[in-house]
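Trainee: Here you go, final-v7.cif (mmCIF, C-alpha atoms):
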```
data_structure
#
loop_
_atom_site.label_atom_id
_atom_site.label_comp_id
_atom_site.auth_asym_id
_atom_site.auth_seq_id
_atom_site.Cartn_x
_atom_site.Cartn_y
_atom_site.Cartn_z
CA MET A 321 -74.09 -59.31 -242.66
CA VAL A 322 -72.28 -56.78 -244.81
CA GLN A 323 -68.64 -56.44 -243.79
CA LYS A 324 -67.68 -52.82 -243.07
CA THR A 325 -64.48 -51.28 -244.28
CA LYS A 326 -62.03 -50.08 -241.65
CA GLU A 327 -62.89 -46.46 -242.44
CA GLN A 328 -66.60 -47.14 -241.95
CA THR A 329 -65.89 -48.97 -238.69
CA LEU A 330 -63.81 -46.05 -237.39
CA ALA A 331 -66.51 -43.55 -238.33
CA TRP A 332 -69.13 -45.68 -236.56
CA LEU A 333 -66.97 -46.04 -233.45
CA ARG A 334 -66.49 -42.25 -233.23
CA THR A 335 -70.26 -41.83 -233.51
CA ILE A 336 -71.03 -44.17 -230.61
CA SER A 337 -68.06 -43.25 -228.32
CA GLY A 338 -70.24 -41.02 -226.13
CA GLU A 339 -72.91 -43.70 -225.91
CA LEU A 340 -70.31 -46.27 -224.88
CA ALA A 341 -68.93 -44.01 -222.15
CA THR A 342 -72.41 -43.39 -220.74
CA ALA A 343 -73.24 -47.10 -220.80
CA THR A 344 -69.95 -47.88 -219.07
CA LEU A 345 -70.63 -45.45 -216.21
CA LYS A 346 -74.14 -46.86 -215.79
CA ARG A 347 -72.70 -50.38 -215.63
CA LEU A 348 -70.10 -49.28 -213.07
CA GLU A 349 -72.78 -47.77 -210.85
CA ASP A 350 -74.95 -50.88 -211.07
CA THR A 351 -72.14 -53.41 -210.60
CA LEU A 352 -69.34 -51.99 -208.42
CA PRO A 353 -70.28 -50.86 -204.87
CA TRP A 354 -66.98 -48.95 -204.40
CA TYR A 355 -67.80 -46.72 -207.39
CA GLY A 356 -71.15 -45.68 -205.93
CA ASP A 357 -69.51 -44.89 -202.57
CA MET A 358 -67.07 -42.44 -204.16
CA PRO A 359 -67.58 -38.68 -203.81
CA PRO A 360 -68.84 -36.99 -207.00
CA GLY A 361 -65.44 -35.55 -207.89
CA ARG A 362 -63.77 -38.95 -207.94
CA ARG A 363 -66.63 -40.58 -209.84
CA SER A 364 -66.21 -37.87 -212.45
CA ALA A 365 -62.47 -38.63 -212.63
CA VAL A 366 -63.22 -42.34 -213.15
CA GLY A 367 -65.59 -41.34 -215.94
CA LEU A 368 -62.79 -39.35 -217.57
CA VAL A 369 -60.56 -42.42 -217.48
CA ALA A 370 -63.29 -44.57 -219.06
CA GLN A 371 -63.93 -41.96 -221.76
CA ALA A 372 -60.19 -41.61 -222.42
CA GLY A 373 -59.94 -45.39 -222.71
CA ILE A 374 -62.66 -45.58 -225.33
CA THR A 375 -61.26 -42.63 -227.28
CA SER A 376 -57.73 -44.01 -227.21
CA PHE A 377 -59.02 -47.39 -228.40
CA ILE A 378 -60.39 -45.73 -231.51
CA SER A 379 -57.01 -44.09 -232.14
CA TRP A 380 -55.23 -47.37 -231.44
CA PHE A 381 -57.59 -49.28 -233.76
CA GLU A 382 -56.86 -46.81 -236.51
CA ASP A 383 -53.11 -47.50 -236.37
CA PRO A 384 -51.94 -49.90 -233.60
CA LYS A 385 -48.26 -49.69 -234.57
CA SER A 386 -47.85 -45.92 -234.67
CA THR A 387 -49.31 -45.22 -231.20
CA PRO A 388 -48.00 -47.84 -228.76
CA TRP A 389 -47.90 -45.20 -226.01
CA ILE A 390 -51.59 -44.42 -226.13
CA ALA A 391 -52.66 -47.14 -223.65
CA ALA A 392 -50.46 -45.75 -220.91
CA ASP A 393 -51.65 -42.24 -221.76
CA VAL A 394 -55.22 -43.20 -220.74
CA PHE A 395 -54.25 -42.82 -217.09
CA GLY A 396 -52.93 -39.32 -217.66
CA ALA A 397 -56.56 -38.17 -217.39
CA ALA A 398 -56.70 -39.37 -213.79
CA PRO A 399 -55.91 -36.88 -211.03
CA ARG A 400 -52.97 -37.92 -208.82
CA GLU A 401 -55.21 -38.47 -205.81
CA LEU A 402 -57.32 -40.94 -207.81
CA LEU A 403 -54.38 -43.30 -208.17
CA ARG A 404 -54.00 -43.24 -204.38
CA SER A 405 -57.70 -43.93 -203.70
CA VAL A 406 -58.39 -46.55 -206.40
CA SER A 407 -56.56 -49.86 -206.03
CA LEU A 408 -55.09 -51.89 -208.90
CA THR A 409 -57.84 -54.49 -208.40
CA GLN A 410 -60.52 -51.82 -208.77
CA THR A 411 -58.78 -50.45 -211.88
CA LEU A 412 -58.79 -53.90 -213.47
CA GLN A 413 -62.50 -54.22 -212.61
CA LEU A 414 -63.05 -50.90 -214.40
CA ILE A 415 -61.17 -52.16 -217.48
CA ARG A 416 -63.08 -55.45 -217.54
CA LEU A 417 -66.49 -53.78 -217.33
CA THR A 418 -65.57 -51.23 -219.99
CA VAL A 419 -64.47 -54.02 -222.34
CA GLU A 420 -67.68 -55.96 -221.61
CA VAL A 421 -69.83 -52.91 -222.46
CA VAL A 422 -67.97 -52.32 -225.72
CA GLU A 423 -68.05 -56.01 -226.64
CA HIS A 424 -71.79 -56.15 -226.02
CA ARG A 425 -72.37 -53.10 -228.23
CA ILE A 426 -70.39 -54.51 -231.16
CA LYS A 427 -71.24 -58.20 -230.75
CA ASN A 428 -72.81 -58.35 -234.21
CA ASP A 429 -69.90 -56.64 -235.95
CA ASP A 430 -66.86 -58.14 -237.62
CA ASP A 431 -64.21 -60.33 -235.98
CA VAL A 432 -61.42 -57.84 -236.65
CA LEU A 433 -63.01 -55.30 -234.31
CA ARG A 434 -63.59 -57.88 -231.58
CA GLU A 435 -60.01 -59.06 -231.84
CA GLY A 436 -58.85 -55.45 -231.68
CA ILE A 437 -60.77 -54.93 -228.44
CA LEU A 438 -59.16 -58.01 -226.90
CA LEU A 439 -55.68 -56.88 -227.88
CA TYR A 440 -56.28 -53.35 -226.67
CA SER A 441 -57.74 -54.49 -223.34
CA ARG A 442 -54.56 -56.49 -222.79
CA GLU A 443 -52.47 -53.38 -223.50
CA ILE A 444 -54.59 -51.34 -221.08
CA ALA A 445 -54.26 -54.01 -218.35
CA PHE A 446 -50.48 -54.05 -218.71
CA ALA A 447 -50.45 -50.25 -218.75
CA ALA A 448 -52.46 -50.14 -215.53
CA ALA A 449 -50.09 -52.60 -213.86
CA ASP A 450 -47.15 -50.49 -215.03
CA VAL A 451 -48.68 -47.28 -213.65
CA TYR A 452 -49.32 -48.83 -210.25
CA ALA A 453 -45.93 -50.56 -210.19
CA ARG A 454 -44.18 -47.25 -210.89
CA ALA A 455 -46.25 -45.53 -208.21
CA ALA A 456 -45.40 -48.29 -205.71
CA GLU A 457 -41.71 -48.11 -206.61
CA ALA A 458 -41.68 -44.33 -206.22
CA ARG A 459 -43.50 -44.61 -202.90
CA GLY A 460 -41.06 -47.30 -201.76
CA LEU A 461 -38.06 -45.12 -202.61
CA TRP A 462 -39.67 -42.14 -200.88
CA ASP A 463 -40.49 -44.22 -197.80
CA ALA A 464 -36.92 -45.53 -197.68
CA ARG A 465 -35.51 -41.98 -197.81
CA LEU A 466 -38.01 -40.79 -195.21
CA GLU A 467 -37.24 -43.75 -192.93
CA ALA A 468 -33.51 -43.08 -193.23
CA LEU A 469 -34.13 -39.44 -192.31
CA VAL A 470 -36.20 -40.41 -189.25
CA VAL A 471 -33.60 -42.94 -188.04
CA ASP A 472 -30.83 -40.38 -188.58
CA SER A 473 -32.80 -37.83 -186.52
CA ILE A 474 -33.18 -40.40 -183.74
CA LEU A 475 -29.49 -41.27 -183.74
CA SER A 476 -28.41 -37.63 -183.70
CA GLY A 477 -31.09 -36.54 -181.21
CA GLU A 478 -31.95 -33.58 -183.46
CA TYR A 479 -35.73 -33.44 -183.34
CA ASP A 480 -37.93 -30.88 -185.06
CA ASN A 481 -41.67 -30.27 -185.24
CA GLU A 482 -41.96 -32.34 -188.41
CA LEU A 483 -40.62 -35.58 -186.91
CA PRO A 484 -43.99 -36.85 -185.56
CA SER A 485 -45.65 -36.30 -188.95
CA ARG A 486 -42.76 -38.09 -190.71
CA ILE A 487 -43.10 -41.04 -188.35
CA ALA A 488 -46.86 -41.12 -188.95
CA ALA A 489 -46.29 -41.01 -192.73
CA LEU A 490 -44.19 -44.16 -192.45
CA GLY A 491 -47.10 -46.00 -190.83
CA TRP A 492 -45.25 -46.61 -187.55
CA ASN A 493 -47.34 -48.98 -185.43
CA GLY A 494 -45.23 -48.92 -182.30
CA HIS A 495 -46.83 -48.20 -178.93
CA GLY A 496 -45.11 -47.28 -175.71
CA GLU A 497 -41.58 -48.42 -174.96
CA VAL A 498 -38.82 -48.38 -177.57
CA CYS A 499 -35.30 -49.84 -177.85
CA VAL A 500 -32.56 -49.32 -180.41
CA LEU A 501 -30.55 -52.26 -181.76
CA VAL A 502 -27.20 -51.64 -183.48
CA GLY A 503 -25.11 -54.16 -185.38
CA THR A 504 -23.23 -54.75 -188.60
CA ALA A 505 -25.12 -54.51 -191.88
CA PRO A 506 -25.06 -57.76 -193.91
CA LYS A 507 -23.81 -57.82 -197.50
CA MET A 508 -27.37 -58.48 -198.71
CA LEU A 509 -29.83 -56.70 -196.43
CA ASP A 510 -33.31 -58.27 -196.49
CA VAL A 511 -35.48 -55.47 -195.15
CA ASP A 512 -38.72 -57.35 -195.85
CA GLN A 513 -37.56 -60.36 -193.82
CA LEU A 514 -36.71 -58.11 -190.85
CA ARG A 515 -40.16 -56.53 -191.01
CA ARG A 516 -41.89 -59.92 -191.30
CA THR A 517 -39.98 -61.22 -188.29
CA ALA A 518 -40.91 -58.11 -186.31
CA ARG A 519 -44.59 -58.48 -187.20
CA HIS A 520 -44.57 -62.11 -186.03
CA LEU A 521 -43.16 -60.88 -182.72
CA ASP A 522 -45.92 -58.27 -182.41
CA ALA A 523 -43.35 -55.52 -182.93
CA ASP A 524 -42.62 -52.77 -185.43
CA VAL A 525 -39.24 -51.54 -186.63
CA LEU A 526 -37.68 -48.52 -188.27
CA ILE A 527 -34.61 -49.55 -190.26
CA GLY A 528 -31.58 -47.43 -191.10
CA VAL A 529 -28.20 -48.22 -192.62
CA GLN A 530 -25.27 -45.94 -191.77
CA GLY A 531 -22.17 -47.08 -193.57
CA SER A 532 -21.41 -50.56 -192.26
CA ARG A 533 -23.89 -50.26 -189.36
CA LEU A 534 -27.47 -51.49 -189.36
CA VAL A 535 -29.75 -49.70 -186.89
CA LEU A 536 -33.21 -50.91 -185.84
CA VAL A 537 -35.61 -48.85 -183.76
CA ILE A 538 -37.92 -51.44 -182.15
CA GLY A 539 -41.35 -50.78 -180.70
CA ARG A 540 -44.20 -53.03 -179.62
CA ALA A 541 -47.10 -53.08 -182.06
CA SER A 542 -49.82 -53.63 -179.44
CA PRO A 543 -50.64 -51.00 -176.80
CA ARG A 544 -50.42 -52.11 -173.17
CA THR A 545 -53.92 -51.08 -172.11
CA ASP A 546 -55.10 -54.24 -170.36
CA PRO A 547 -53.28 -54.92 -167.06
CA ASP A 548 -54.40 -58.57 -167.21
CA ALA A 549 -52.98 -59.12 -170.71
CA VAL A 550 -50.10 -61.48 -171.38
CA THR A 551 -46.72 -59.96 -170.49
CA PRO A 552 -45.16 -58.62 -173.69
CA MET A 553 -42.01 -60.20 -175.04
CA PRO A 554 -38.86 -58.55 -173.61
CA PHE A 555 -36.90 -56.43 -176.06
CA LEU A 556 -33.84 -58.65 -175.57
CA GLU A 557 -35.82 -61.65 -176.80
CA ILE A 558 -37.10 -59.64 -179.78
CA ALA A 559 -33.50 -58.68 -180.55
CA LYS A 560 -32.47 -62.35 -180.45
CA GLN A 561 -35.14 -63.20 -183.01
CA LEU A 562 -33.99 -60.33 -185.27
CA GLU A 563 -30.32 -61.27 -184.92
CA PRO A 564 -30.12 -63.41 -188.13
CA GLY A 565 -30.90 -60.28 -190.19
CA PHE A 566 -27.60 -58.67 -189.15
CA GLY A 567 -24.10 -59.27 -190.46
CA PRO A 568 -21.29 -60.89 -188.44
CA GLY A 569 -19.91 -59.06 -185.45
CA HIS A 570 -21.26 -57.55 -182.27
CA LEU A 571 -24.91 -56.66 -181.74
CA VAL A 572 -25.84 -54.19 -178.99
CA LEU A 573 -29.30 -53.34 -177.62
CA GLY A 574 -29.84 -49.97 -175.98
CA HIS A 575 -31.87 -49.59 -172.82
CA GLU A 576 -35.66 -49.33 -172.89
CA VAL A 577 -37.13 -45.82 -173.13
CA PRO A 578 -40.79 -44.77 -172.65
CA THR A 579 -41.58 -43.40 -176.13
CA LEU A 580 -40.19 -43.03 -179.64
CA VAL A 581 -39.38 -39.40 -178.88
CA ASP A 582 -36.89 -40.62 -176.25
CA ALA A 583 -35.30 -43.17 -178.60
CA SER A 584 -32.17 -41.05 -179.05
CA LYS A 585 -31.13 -41.97 -175.46
CA SER A 586 -31.35 -45.68 -176.25
CA ALA A 587 -29.57 -45.06 -179.57
CA LYS A 588 -26.67 -43.25 -177.92
CA ALA A 589 -26.20 -46.09 -175.44
CA ALA A 590 -26.38 -48.72 -178.19
CA LEU A 591 -23.91 -46.86 -180.42
CA ALA A 592 -21.48 -46.34 -177.53
CA GLY A 593 -21.75 -50.02 -176.60
CA PHE A 594 -21.26 -51.12 -180.20
CA ALA A 595 -18.06 -49.04 -180.40
CA VAL A 596 -16.46 -50.85 -177.43
CA ALA A 597 -18.11 -54.29 -177.59
CA ARG A 598 -14.93 -55.87 -178.97
CA SER A 599 -13.24 -55.26 -175.58
CA TRP A 600 -15.55 -57.83 -173.95
CA ARG A 601 -14.02 -61.10 -175.08
CA ASN A 602 -17.09 -63.29 -174.55
CA ALA A 603 -19.79 -60.72 -175.22
CA PRO A 604 -23.08 -62.44 -176.10
CA ARG A 605 -24.98 -61.58 -179.27
CA PRO A 606 -27.00 -59.48 -178.71
CA THR A 607 -25.46 -57.63 -175.76
CA LEU A 608 -27.25 -55.14 -173.55
CA ALA A 609 -25.65 -51.70 -173.70
CA ASP A 610 -25.88 -51.50 -169.91
CA ASP A 611 -23.75 -54.65 -169.65
CA LEU A 612 -21.00 -52.67 -171.37
CA LEU A 613 -21.08 -49.77 -168.89
CA PRO A 614 -17.46 -50.26 -167.72
CA GLU A 615 -16.05 -50.32 -171.24
CA ARG A 616 -18.19 -47.36 -172.26
CA ALA A 617 -17.11 -45.37 -169.21
CA PHE A 618 -13.42 -46.14 -169.85
CA ALA A 619 -13.89 -44.95 -173.44
CA GLY A 620 -15.22 -41.61 -172.15
CA ASP A 621 -18.96 -42.10 -172.61
CA PRO A 622 -20.62 -39.53 -170.29
CA LEU A 623 -23.94 -41.39 -170.44
CA ALA A 624 -22.27 -44.55 -169.10
CA ARG A 625 -20.59 -42.64 -166.27
CA SER A 626 -23.84 -40.95 -165.24
CA THR A 627 -25.65 -44.32 -165.40
CA LEU A 628 -23.06 -45.96 -163.15
CA ILE A 629 -23.33 -43.10 -160.68
CA ASN A 630 -27.10 -42.59 -160.72
CA LYS A 631 -28.21 -46.21 -160.92
CA ILE A 632 -25.60 -47.87 -158.69
CA TYR A 633 -23.40 -45.60 -156.59
CA ARG A 634 -25.88 -42.99 -155.38
CA PRO A 635 -28.77 -45.41 -154.65
CA LEU A 636 -26.43 -47.50 -152.46
CA GLN A 637 -25.01 -44.39 -150.84
CA ALA A 638 -28.48 -43.08 -150.08
CA HIS A 639 -29.76 -46.43 -148.82
CA SER A 640 -27.00 -47.47 -146.43
CA THR A 641 -23.34 -46.71 -145.87
CA ASP A 642 -22.96 -50.29 -144.58
CA LEU A 643 -24.04 -51.68 -147.97
CA LEU A 644 -21.63 -49.41 -149.81
CA ALA A 645 -18.74 -50.28 -147.48
CA THR A 646 -19.50 -54.00 -147.67
CA LEU A 647 -19.58 -53.92 -151.45
CA TRP A 648 -16.26 -52.02 -151.58
CA CYS A 649 -14.65 -54.51 -149.23
CA TYR A 650 -16.11 -57.58 -150.95
CA LEU A 651 -14.85 -56.49 -154.38
CA ASP A 652 -11.42 -55.40 -153.04
CA ASN A 653 -11.02 -58.85 -151.45
CA GLY A 654 -11.58 -60.71 -154.68
CA ARG A 655 -15.21 -61.55 -153.85
CA SER A 656 -14.22 -63.62 -150.82
CA LEU A 657 -16.90 -63.81 -148.14
CA GLU A 658 -14.48 -64.89 -145.39
CA ALA A 659 -11.91 -62.16 -146.12
CA THR A 660 -14.65 -59.54 -146.24
CA ALA A 661 -16.14 -60.77 -142.95
CA ARG A 662 -12.73 -60.66 -141.25
CA GLU A 663 -12.03 -57.10 -142.43
CA LEU A 664 -15.47 -55.86 -141.36
CA PHE A 665 -15.51 -57.89 -138.11
CA VAL A 666 -18.85 -59.49 -138.99
CA HIS A 667 -20.10 -63.00 -139.67
CA PRO A 668 -19.95 -64.26 -143.32
CA ASN A 669 -23.75 -64.63 -143.24
CA THR A 670 -23.97 -60.91 -142.55
CA VAL A 671 -21.90 -60.29 -145.66
CA ARG A 672 -24.23 -62.57 -147.62
CA TYR A 673 -27.26 -60.71 -146.34
CA ARG A 674 -25.79 -57.31 -147.21
CA LEU A 675 -24.86 -58.45 -150.70
CA LYS A 676 -28.42 -59.69 -151.14
CA ARG A 677 -29.64 -56.25 -150.07
CA VAL A 678 -27.27 -54.64 -152.61
CA SER A 679 -28.85 -56.74 -155.34
CA ASP A 680 -32.35 -55.82 -154.15
CA VAL A 681 -31.55 -52.09 -154.17
CA ILE A 682 -29.78 -51.74 -157.53
CA GLY A 683 -30.60 -54.94 -159.46
CA TRP A 684 -27.00 -56.09 -159.98
CA ASP A 685 -25.54 -59.16 -158.29
CA ALA A 686 -21.99 -58.67 -156.97
CA THR A 687 -21.32 -62.43 -156.84
CA GLY A 688 -21.20 -62.69 -160.65
CA ALA A 689 -17.91 -61.91 -162.39
CA ARG A 690 -19.33 -59.60 -165.07
CA GLU A 691 -21.68 -57.75 -162.74
CA ALA A 692 -18.89 -57.41 -160.18
CA LEU A 693 -16.89 -55.53 -162.82
CA ILE A 694 -19.84 -53.22 -163.45
CA LEU A 695 -20.28 -52.56 -159.73
CA GLN A 696 -16.58 -51.95 -159.15
CA SER A 697 -16.54 -49.49 -162.06
CA ALA A 698 -19.53 -47.72 -160.51
CA LEU A 699 -17.73 -47.42 -157.19
CA ILE A 700 -14.62 -46.00 -158.86
CA VAL A 701 -16.53 -43.54 -161.05
CA GLY A 702 -18.85 -42.59 -158.20
CA SER A 703 -16.03 -41.96 -155.74
CA ILE A 704 -14.24 -39.77 -158.30
CA ALA A 705 -17.40 -37.75 -158.82
CA ASP A 706 -18.09 -37.54 -155.06
CA PRO A 707 -15.40 -35.46 -153.30
CA ASP A 708 -16.71 -36.41 -149.85
CA SER A 709 -16.40 -40.16 -150.42
CA ALA A 710 -12.74 -40.24 -149.34
CA LYS A 711 -13.59 -38.54 -146.04
CA ARG A 712 -16.37 -41.01 -145.30
CA ALA A 713 -14.15 -43.97 -146.21
CA ARG A 714 -11.57 -42.99 -143.53
#
```
In structure tokens, how does this file's structure come out?

Mentor:
Amino acid sequence: MVQKTKEQTLAWLRTISGELATATLKRLEDTLPWYGDMPPGRRSAVGLVAQAGITSFISWFEDPKSTPWIAADVFGAAPRELLRSVSLTQTLQLIRLTVEVVEHRIKNDDDVLREGILLYSREIAFAAADVYARAAEARGLWDARLEALVVDSILSGEYDNELPSRIAALGWNGHGEVCVLVGTAPKMLDVDQLRRTARHLDADVLIGVQGSRLVLVIGRASPRTDPDAVTPMPFLEIAKQLEPGFGPGHLVLGHEVPTLVDASKSAKAALAGFAVARSWRNAPRPTLADDLLPERAFAGDPLARSTLINKIYRPLQAHSTDLLATLWCYLDNGRSLEATARELFVHPNTVRYRLKRVSDVIGWDATGAREALILQSALIVGSIADPDSAKRAR
């Protein structure tokens, strides 16, 4: 075999470049199912990339040192939407098949050309990885900014018509009820670990950092369509599993709300609870925001005051004046059954029964120290808001 000069090889390569591109597209259609399933416009764009790759190889082979950028420039022929619809794996399949076609066509030529193809294919593979890595990094930065914007909108309660589309763009998988968890941001925040933990708990999270605070919007990833399905994990238990991802300090979980659109209510409760959690000496981690209702009310939180009134005081008032009076008396007498019974001229068992009815009506148990504080705060706040309560008490 007569060895060609480099100039002759280059001239021959330019002559067969169209033939190589056509053979490559035929091989793609015969070998890769995903290429045949593409719409004509995208198949044409893939063909442009293959043609650009062959053309740039000829330029690279002519002078490898003077054009190190040319491999990355191959992907400049691809429309932006092509990068979103063709995965890195598929791109590497395209590169491999193109190299195989070219190698087959020149298999009887000199070793220098074959070595050049191997070197160039390596450059193209690294260039493809770089393109996709940059796209992923840009998408990650964009997603982080978008997620921060969504969480900020939830915390501020300032919704607009674009919020649902922003949430959808983030790939939010939550269904139904939502809670907001607020704590201290760690020095090294591992967002990926928080998301992995949430996925293992069949939950999804939106993550936002505001100064020293870390805010998680938690939703369940599976819809509750089957009434016979296993009871989903309570949000408090999910919060306990996510707790290691937070920094030291208090951790407060807002109350459950029906949808993500209502998450601002849970966020306001969690933020208000987080601001006063230090006043509860033995506060657990995490703490329910509703367990901090007294502290929140004392700090001037209107949501806490309305919760105390609407969930405790008014339900008891509407249900029975005897229950309300018994609760007042029981708490004023230091939670003593005998002292309460003497003041009300009833048997201690009657007091026990009424306290049990109080718990059934409102869900709080007056016999516990912490819940007694919540109930007494509700009575105080409710009586202040109810001008007729003093008349009824006399």

Trainee: Could you jot down the atom CA of Glu382 of chain A to atom CA of Gly367 of chain A separation for me, Å, one decimal place?

Mentor: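 Those two atoms sit 23.0 Å apart.
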
Trainee: Atom CA of Pro614 of chain A to atom CA of Leu643 of chain A: how many Å, to one decimal?

Mentor: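 Atom CA of Pro614 of chain A sits 20.9 Å away from atom CA of Leu643 of chain A.
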
Trainee: Please write the residues picked by the PyMOL selection byres ((chain A and resi 355) around 12) on this file as a ChimeraX atom specification.

Mentor: /A:344-354,356-367,402,405-407,410-411,413-414

Trainee: Restrict the selected residues to C-alpha atoms and save them as a CSV table (one decimal), keeping the file's coordinate frame.

Mentor:
```csv
chain,number,residue,atom,x,y,z
A,344,THR,CA,-70.0,-47.9,-219.1
A,345,LEU,CA,-70.6,-45.4,-216.2
A,346,LYS,CA,-74.1,-46.9,-215.8
A,347,ARG,CA,-72.7,-50.4,-215.6
A,348,LEU,CA,-70.1,-49.3,-213.1
A,349,GLU,CA,-72.8,-47.8,-210.8
A,350,ASP,CA,-75.0,-50.9,-211.1
A,351,THR,CA,-72.1,-53.4,-210.6
A,352,LEU,CA,-69.3,-52.0,-208.4
A,353,PRO,CA,-70.3,-50.9,-204.9
A,354,TRP,CA,-67.0,-49.0,-204.4
A,356,GLY,CA,-71.2,-45.7,-205.9
A,357,ASP,CA,-69.5,-44.9,-202.6
A,358,MET,CA,-67.1,-42.4,-204.2
A,359,PRO,CA,-67.6,-38.7,-203.8
A,360,PRO,CA,-68.8,-37.0,-207.0
A,361,GLY,CA,-65.4,-35.6,-207.9
A,362,ARG,CA,-63.8,-39.0,-207.9
A,363,ARG,CA,-66.6,-40.6,-209.8
A,364,SER,CA,-66.2,-37.9,-212.4
A,365,ALA,CA,-62.5,-38.6,-212.6
A,366,VAL,CA,-63.2,-42.3,-213.2
A,367,GLY,CA,-65.6,-41.3,-215.9
A,402,LEU,CA,-57.3,-40.9,-207.8
A,405,SER,CA,-57.7,-43.9,-203.7
A,406,VAL,CA,-58.4,-46.6,-206.4
A,407,SER,CA,-56.6,-49.9,-206.0
A,410,GLN,CA,-60.5,-51.8,-208.8
A,411,THR,CA,-58.8,-50.4,-211.9
A,413,GLN,CA,-62.5,-54.2,-212.6
A,414,LEU,CA,-63.0,-50.9,-214.4
```

Trainee: Can you translate the PyMOL selection byres ((chain A and resi 677-691) around 7) into the concrete residues it hits in this file, as an NGL selection string?

Mentor: :A and (631-632 or 643 or 655 or 673-676 or 692-695)

Trainee: How far is it from atom CA of Leu628 of chain A to atom CA of Met553 of chain A, in Å with one decimal?

Mentor: 26.5 Å

Trainee: For segment 588-601 of chain A, supply N, CA and C atoms and format the output as a PDB file, keeping the file's coordinate frame.

Mentor:
```pdb
ATOM      1  N   LYS A 588     -28.007 -43.657-178.351  1.00  0.00           N
ATOM      2  CA  LYS A 588     -26.670 -43.250-177.920  1.00  0.00           C
ATOM      3  C   LYS A 588     -25.994 -44.349-177.100  1.00  0.00           C
ATOM      4  N   ALA A 589     -26.764 -44.992-176.231  1.00  0.00           N
ATOM      5  CA  ALA A 589     -26.200 -46.090-175.440  1.00  0.00           C
ATOM      6  C   ALA A 589     -25.803 -47.260-176.326  1.00  0.00           C
ATOM      7  N   ALA A 590     -26.676 -47.600-177.300  1.00  0.00           N
ATOM      8  CA  ALA A 590     -26.380 -48.720-178.190  1.00  0.00           C
ATOM      9  C   ALA A 590     -25.154 -48.439-179.058  1.00  0.00           C
ATOM     10  N   LEU A 591     -25.056 -47.218-179.575  1.00  0.00           N
ATOM     11  CA  LEU A 591     -23.910 -46.860-180.420  1.00  0.00           C
ATOM     12  C   LEU A 591     -22.610 -46.869-179.616  1.00  0.00           C
ATOM     13  N   ALA A 592     -22.681 -46.337-178.384  1.00  0.00           N
ATOM     14  CA  ALA A 592     -21.480 -46.340-177.530  1.00  0.00           C
ATOM     15  C   ALA A 592     -21.077 -47.757-177.177  1.00  0.00           C
ATOM     16  N   GLY A 593     -22.059 -48.624-176.902  1.00  0.00           N
ATOM     17  CA  GLY A 593     -21.750 -50.020-176.600  1.00  0.00           C
ATOM     18  C   GLY A 593     -21.188 -50.749-177.803  1.00  0.00           C
ATOM     19  N   PHE A 594     -21.739 -50.474-178.977  1.00  0.00           N
ATOM     20  CA  PHE A 594     -21.260 -51.120-180.200  1.00  0.00           C
ATOM     21  C   PHE A 594     -19.801 -50.748-180.478  1.00  0.00           C
ATOM     22  N   ALA A 595     -19.426 -49.505-180.136  1.00  0.00           N
ATOM     23  CA  ALA A 595     -18.060 -49.040-180.400  1.00  0.00           C
ATOM     24  C   ALA A 595     -17.023 -49.748-179.531  1.00  0.00           C
ATOM     25  N   VAL A 596     -17.433 -50.244-178.355  1.00  0.00           N
ATOM     26  CA  VAL A 596     -16.460 -50.850-177.430  1.00  0.00           C
ATOM     27  C   VAL A 596     -16.727 -52.331-177.187  1.00  0.00           C
ATOM     28  N   ALA A 597     -17.714 -52.898-177.870  1.00  0.00           N
ATOM     29  CA  ALA A 597     -18.110 -54.290-177.590  1.00  0.00           C
ATOM     30  C   ALA A 597     -16.967 -55.273-177.811  1.00  0.00           C
ATOM     31  N   ARG A 598     -16.046 -54.957-178.702  1.00  0.00           N
ATOM     32  CA  ARG A 598     -14.930 -55.870-178.970  1.00  0.00           C
ATOM     33  C   ARG A 598     -14.030 -56.066-177.755  1.00  0.00           C
ATOM     34  N   SER A 599     -14.101 -55.143-176.773  1.00  0.00           N
ATOM     35  CA  SER A 599     -13.240 -55.260-175.580  1.00  0.00           C
ATOM     36  C   SER A 599     -13.792 -56.277-174.576  1.00  0.00           C
ATOM     37  N   TRP A 600     -15.006 -56.745-174.773  1.00  0.00           N
ATOM     38  CA  TRP A 600     -15.550 -57.830-173.950  1.00  0.00           C
ATOM     39  C   TRP A 600     -15.372 -59.122-174.729  1.00  0.00           C
ATOM     40  N   ARG A 601     -14.450 -59.940-174.300  1.00  0.00           N
ATOM     41  CA  ARG A 601     -14.020 -61.100-175.080  1.00  0.00           C
ATOM     42  C   ARG A 601     -15.167 -62.066-175.360  1.00  0.00           C
TER      43      ARG A 601
END
```
